[in-house]
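Colleague: Let me give you the structure first, and then I'll get to my questions.
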Amino acid sequence: MTVSTTRNNGASTAVNAVLFCCTAFLAAEPAAWLVRTWFEASWGSYGGWAFIGVLGLFMWSVTSPRRGPASTTFPALLFALTGAVRVAGHILAVNVIGAAALVIDMFALGLLFGLGERRRAVSPLWLAALFALALPLERIVQRVIGFGLQQVSAAGACGALSLTFDDVTCSGVDIVLRAQHVLVDLPCSGARGLLLTIAAFIVLAALTRPSAGRAVVGIAVTVMAALISNTIRIVLLAVGIAFPEVVGIDVMAQPWHDVVGLVTLALGLAPVVGWARFGDDGADVVVDRAAATRAAGSSVWVAGVLVAACLAVAFTPHRPIDVARPIHNLNVPTSLAGQRAQPIPLSARETAYFTQFGGAAAKASYGERTLLLVRTSAPLRHLHAPDECLTGSGFAVERIGISHGAMPGATYRAVGVDGREWRVVVSYRSDAGHTASSVSEAVWIWLRNPSTTWTAIERVHPWANSGADNDAFDTALAPFILNAPMET
C-alpha cells in the first residue's frame, strides 16, 4: 500500500509539473505584451495600477489563515480553457485575446489559493474582474464604443442644459450654448470615468462578496452613476465656457479642468459606496465546483489538453481574420500648394506590417509640411489617432479640438524632443462618402458598413504657420482625396 501511494503521489506531482510548465509557457507572451502596454506611452494605459491593486488584495488575503479547503481540479480545468483560448489568440494574431485569458488564470489562482475561504476573504471572481482592468481597456472602449458614449453623454448634457437655458442647440456631439461650442470629444466620452467607477465597484465587490442578485444591482447602479456623473461634468464645463465672467475661472485650463472631473467622479462614486455599505450579503457569487470537477475529469486529461495547446502555439502559424484587402498602389499628390512632393519611404517594420495585415500607407513631405495617408478595409486593425503614434515616438501631444475648412478634422499640438511644435490635423473618409473626425466614429460607421474602405488623411504643419496657409494646403489636397479611387 505504501508503494502504491508513493507511485500515485509521484504521478500527481509529475502531472502538476506539466500543468505548471505549460500554463507558464502559454501565459509568458501575453503577459509580456500586457506589461509593455503599461509602460508604452502610445497605449496611455493605467493597467499597472489595477495590477498593483490585484496584487495587494491577493497578498492581503493569502497571508491570513485558511478556514476551508481550496479547489484544485476546477482551477486545472480553467488553465486548460485558457490554453485553448491562447491558441486562438496566437493563430488570429490578436494580442488582446491571449492577454484576456490571463483574467481566467487570475480566477483559477484565486480558487487554487482558497482566497474565498480565508479569514480575510477576497472573492476570486471579483479579483479576476479587477485584473481585467489591467488590460488597456480605455483605449479599446474608446475605439469600439467611444463614439456611442459621446452621443449618450452629449444627449444627456443637452437635455439637462435645456431645462435651464433657452439658447441651447445640439447637433450630434456638438452643443452650442450662448453661441459657444462645446464639443463632446473622446476625452469627454466618459470612458475613463466609467472604468474608474467600475474599478471602485469591483474592489468593493471583491471585499463584500455579494450574491448574484446584489451584484447585478451593483453593476446597474455603477453604470448609471458613471453616465450621470459624466453628464454633470459636461454640463459644468459647458456653463463655464458660456459664462466665464460668472464662473470666474477658465474651466478648460488646468487645474480647473481636472478639478471638475474629480468632483463629478466623486459624485459618481457615492452611490457605489452606498450600495456596498448597506449590503448584508457577504455570500459571494457561487461556482458549482462539484459539477465543474465532474466535467473536468482527471488531471491527466487536463494536462494533455495543455500539452496540445503548447504544441499548437509553438508550431502553428498566425492566420489573422481581420486582414484588410490588399491595396497595391496608394499615391500622394505630386505637388500641393506650390510644393513638390518628396516621398518618404516606409520603414521596414511598417512595410512588413502592411504586407502581413493588408491595407497600405504612403508618406511625403511638401516643404516643411508632411502628408500621411493610410487606407484600409479593417479600421480596427490599421487606424490610429495621431496621439497614439506620436506619443510613442516621444512627442508631447495635446488634443486641441476640431478644425473646420476644406477638410475638417481633429487637431493636435505636438511638441518634439527638440522643442519644435507642430499642428497635426487628421480626417477620416470612406469610399462610400462617410466622413469622421475620430477613429471611434470611423469604426462606429464601419461596423454598420463593414464592406467599406477607409482612408486616414493626416497633415503635419509647423505650429507657427498661419491658418490661411494651412487652409490653402487643405484646399489643394481636398480634390485629390475626393476624386482619387479608393482602391487600385
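Starting from 1 in every chain, residues are counted up; chains themselves are A, B, ... following the order of the C-alpha cells, and ligands are numbered from 1 as listed.
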Please, which residues in segment 380-484 of chain A fall within 12 Å of segment 23-45 of chain A when counting only C-alpha atoms, and what is the closest atom pair and distance in Å to one decimal for each, ordered by chain then residue number, as CSV?
Modeller:
```
residue,atom,partner,partner_atom,distance
A:His384,CA,A:Ser42,CA,10.0
A:Ala385,CA,A:Ser42,CA,9.9
A:Pro386,CA,A:Ser42,CA,9.6
A:Asp387,CA,A:Ser42,CA,7.2
A:Glu388,CA,A:Ser42,CA,4.3
A:Cys389,CA,A:Ser42,CA,6.0
A:Leu390,CA,A:Ser42,CA,7.5
A:Thr391,CA,A:Ser42,CA,5.3
A:Gly392,CA,A:Ser42,CA,4.5
A:Ser393,CA,A:Ser42,CA,8.2
A:Gly394,CA,A:Ala41,CA,8.3
A:Phe395,CA,A:Ala41,CA,9.7
A:Ala396,CA,A:Ala41,CA,10.0
A:Val397,CA,A:Ser42,CA,10.5
```
Colleague: Please produce a file of the residues just selected, as a CSV table (one decimal), in the first residue's frame, where the atoms kept are all heavy atoms.
Modeller:
```csv
chain,number,residue,atom,x,y,z
A,384,HIS,N,-5.2,54.6,-36.4
A,384,HIS,CA,-4.8,55.0,-35.0
A,384,HIS,C,-4.8,56.6,-35.0
A,384,HIS,O,-4.5,57.2,-36.0
A,384,HIS,CB,-3.4,54.6,-34.7
A,384,HIS,CG,-3.2,53.1,-34.7
A,384,HIS,ND1,-2.9,52.4,-35.8
A,384,HIS,CD2,-3.4,52.2,-33.7
A,384,HIS,CE1,-2.9,51.1,-35.6
A,384,HIS,NE2,-3.1,50.9,-34.3
A,385,ALA,N,-5.2,57.1,-33.9
A,385,ALA,CA,-5.2,58.6,-33.7
A,385,ALA,C,-3.7,59.0,-33.6
A,385,ALA,O,-2.9,58.3,-33.2
A,385,ALA,CB,-6.0,59.0,-32.5
A,386,PRO,N,-3.5,60.3,-34.0
A,386,PRO,CA,-2.1,60.8,-34.0
A,386,PRO,C,-1.4,60.7,-32.6
A,386,PRO,O,-0.2,60.5,-32.5
A,386,PRO,CB,-2.2,62.2,-34.5
A,386,PRO,CG,-3.4,62.2,-35.3
A,386,PRO,CD,-4.4,61.3,-34.7
A,387,ASP,N,-2.2,60.9,-31.6
A,387,ASP,CA,-1.6,61.0,-30.2
A,387,ASP,C,-1.1,59.6,-29.9
A,387,ASP,O,-0.1,59.5,-29.1
A,387,ASP,CB,-2.6,61.4,-29.2
A,387,ASP,CG,-3.9,60.6,-29.2
A,387,ASP,OD1,-4.2,60.0,-30.2
A,387,ASP,OD2,-4.6,60.6,-28.1
A,388,GLU,N,-1.6,58.5,-30.4
A,388,GLU,CA,-1.1,57.2,-30.1
A,388,GLU,C,0.3,57.0,-30.7
A,388,GLU,O,1.2,56.6,-30.0
A,388,GLU,CB,-2.0,56.1,-30.6
A,388,GLU,CG,-3.4,56.1,-30.0
A,388,GLU,CD,-4.3,55.0,-30.6
A,388,GLU,OE1,-3.8,53.9,-30.8
A,388,GLU,OE2,-5.5,55.3,-30.8
A,389,CYS,N,0.4,57.3,-32.0
A,389,CYS,CA,1.7,57.1,-32.7
A,389,CYS,C,2.8,58.1,-32.2
A,389,CYS,O,3.9,57.8,-32.0
A,389,CYS,CB,1.5,57.2,-34.2
A,389,CYS,SG,0.3,56.0,-34.8
A,390,LEU,N,2.4,59.4,-32.1
A,390,LEU,CA,3.3,60.5,-31.8
A,390,LEU,C,3.8,60.4,-30.4
A,390,LEU,O,5.0,60.6,-30.1
A,390,LEU,CB,2.7,61.9,-32.0
A,390,LEU,CG,2.4,62.2,-33.5
A,390,LEU,CD1,1.6,63.5,-33.6
A,390,LEU,CD2,3.7,62.3,-34.3
A,391,THR,N,2.9,60.0,-29.5
A,391,THR,CA,3.3,59.8,-28.1
A,391,THR,C,4.4,58.7,-28.0
A,391,THR,O,5.3,58.8,-27.2
A,391,THR,CB,2.1,59.5,-27.2
A,391,THR,OG1,1.2,60.6,-27.3
A,391,THR,CG2,2.6,59.4,-25.7
A,392,GLY,N,4.2,57.6,-28.7
A,392,GLY,CA,5.1,56.6,-28.7
A,392,GLY,C,6.5,56.9,-29.3
A,392,GLY,O,7.5,56.3,-29.0
A,393,SER,N,6.5,58.0,-30.1
A,393,SER,CA,7.7,58.5,-30.7
A,393,SER,C,8.4,59.6,-29.9
A,393,SER,O,9.4,60.2,-30.3
A,393,SER,CB,7.5,59.0,-32.1
A,393,SER,OG,7.0,58.0,-32.9
A,394,GLY,N,7.9,59.9,-28.7
A,394,GLY,CA,8.5,60.8,-27.8
A,394,GLY,C,7.9,62.2,-27.8
A,394,GLY,O,8.4,63.1,-27.2
A,395,PHE,N,6.8,62.4,-28.6
A,395,PHE,CA,6.2,63.8,-28.7
A,395,PHE,C,5.3,64.0,-27.5
A,395,PHE,O,4.6,63.0,-27.0
A,395,PHE,CB,5.4,63.9,-29.9
A,395,PHE,CG,6.2,64.1,-31.2
A,395,PHE,CD1,6.8,63.1,-31.8
A,395,PHE,CD2,6.4,65.4,-31.7
A,395,PHE,CE1,7.6,63.3,-33.0
A,395,PHE,CE2,7.2,65.6,-32.8
A,395,PHE,CZ,7.8,64.5,-33.5
A,396,ALA,N,5.2,65.2,-27.0
A,396,ALA,CA,4.1,65.6,-26.1
A,396,ALA,C,2.9,66.1,-26.9
A,396,ALA,O,3.1,67.0,-27.6
A,396,ALA,CB,4.6,66.7,-25.1
A,397,VAL,N,1.8,65.4,-26.8
A,397,VAL,CA,0.7,65.6,-27.7
A,397,VAL,C,-0.5,66.1,-26.8
A,397,VAL,O,-0.9,65.6,-25.8
A,397,VAL,CB,0.3,64.4,-28.4
A,397,VAL,CG1,-0.8,64.6,-29.4
A,397,VAL,CG2,1.5,63.8,-29.1
```
Colleague: Write out as a ChimeraX atom specification all residues of segment 85-233 of chain A that DSSP puts in helix (DSSP H, G or I) for this structure's backbone.
Modeller: /A:85-92,95-112,115-117,124-132,137-162,186-188,191-208,212-233
Colleague: I'd like the interatomic distance between atom CA of Ala436 of chain A and atom CA of Met407 of chain A, to a tenth of an Å.
Modeller: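 Spanning atom CA of Ala436 of chain A to atom CA of Met407 of chain A is a straight-line distance of 10.7 Å.
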Colleague: Show me, as a count of residues only, the residues that have an atom within 12 Å of Leu55 of chain A when counting only C-alpha atoms, minus same-chain residues fewer than 2 positions from it.
Modeller: 21
Colleague: Applying 10 Å and only C-alpha atoms, which residues near Val152 of chain A remain after dropping the ones on its own chain fewer than 3 positions away? List them as a PyMOL selection string.
Modeller: chain A and resi 146-149+155-158+172-173+184+189-190+227+231
Colleague: When distances are computed from only C-alpha atoms, which of A:Val85, A:Ala472, A:Val144, A:Ala121 shows the smallest separation from Arg67 of chain A?
Modeller: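 Using only C-alpha atoms, the shortest distance to Arg67 of chain A belongs to A:Ala121.
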Colleague: Would you please work out which residue, of A:Gly98, A:Pro379, A:Pro65, A:Gly47, is nearest to Leu447 of chain A when using only C-alpha atoms?
Modeller: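 Answer, going by the shortest atom-to-atom distance: A:Pro379.
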Colleague: Please determine, counting only C-alpha atoms, which residue among A:Gly359, A:Gly419, A:Pro271, A:Pro136 has the shortest atom-to-atom distance to Ala100 of chain A.
Modeller: A:Pro136
Colleague: For Leu112 of chain A, which residue among A:Ser430, A:Gln150, A:Ser211, A:Thr73 is the nearest when counting only C-alpha atoms?
Modeller: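 Among the listed residues, the smallest separation from Leu112 of chain A belongs to A:Thr73.
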Colleague: What's around Pro69 of chain A at 10 Å? Count only C-alpha atoms, leave out sequence neighbours fewer than 5 positions away in its own chain, and write the answer as number ranges by chain.
Modeller: A: 111-114, 116-118
Colleague: Show me, as a VMD selection string, the residues that have an atom within 8 Å of segment 176-183 of chain A when counting only C-alpha atoms, minus same-chain residues fewer than 3 positions from it.
Modeller: chain A and resid 167 to 170 173 238 to 239 241 to 242 401
Colleague: Could those selected residues go to a file with C-alpha atoms, as a PDB file, in the first residue's frame?
Modeller:
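For reference, again-v8.pdb as written:
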```pdb
ATOM      1  CA  ASP A 167     -30.483  79.157 -26.207  1.00  0.00           C
ATOM      2  CA  VAL A 168     -29.207  75.574 -26.326  1.00  0.00           C
ATOM      3  CA  THR A 169     -28.844  73.815 -29.675  1.00  0.00           C
ATOM      4  CA  CYS A 170     -27.481  70.336 -30.173  1.00  0.00           C
ATOM      5  CA  VAL A 173     -21.821  65.607 -30.223  1.00  0.00           C
ATOM      6  CA  ALA A 238     -20.499  73.994 -20.851  1.00  0.00           C
ATOM      7  CA  VAL A 239     -21.712  76.548 -18.303  1.00  0.00           C
ATOM      8  CA  ILE A 241     -17.356  78.033 -21.240  1.00  0.00           C
ATOM      9  CA  ALA A 242     -20.553  80.017 -21.878  1.00  0.00           C
ATOM     10  CA  GLY A 401     -10.384  70.174 -30.958  1.00  0.00           C
TER      11      GLY A 401
END
```
Colleague: Could you list, as a PyMOL selection string, every residue within 10 Å of Ile219 of chain A, counting only C-alpha atoms and ignoring same-chain residues fewer than 4 positions away?
Modeller: chain A and resi 198+201-202+205+214-215+223-225+272+275
Colleague: Please, what distance in Å, to one decimal, runs between atom CA of Asn449 of chain A and atom CA of Arg375 of chain A?
Modeller: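 So the answer is 15.8 Å.
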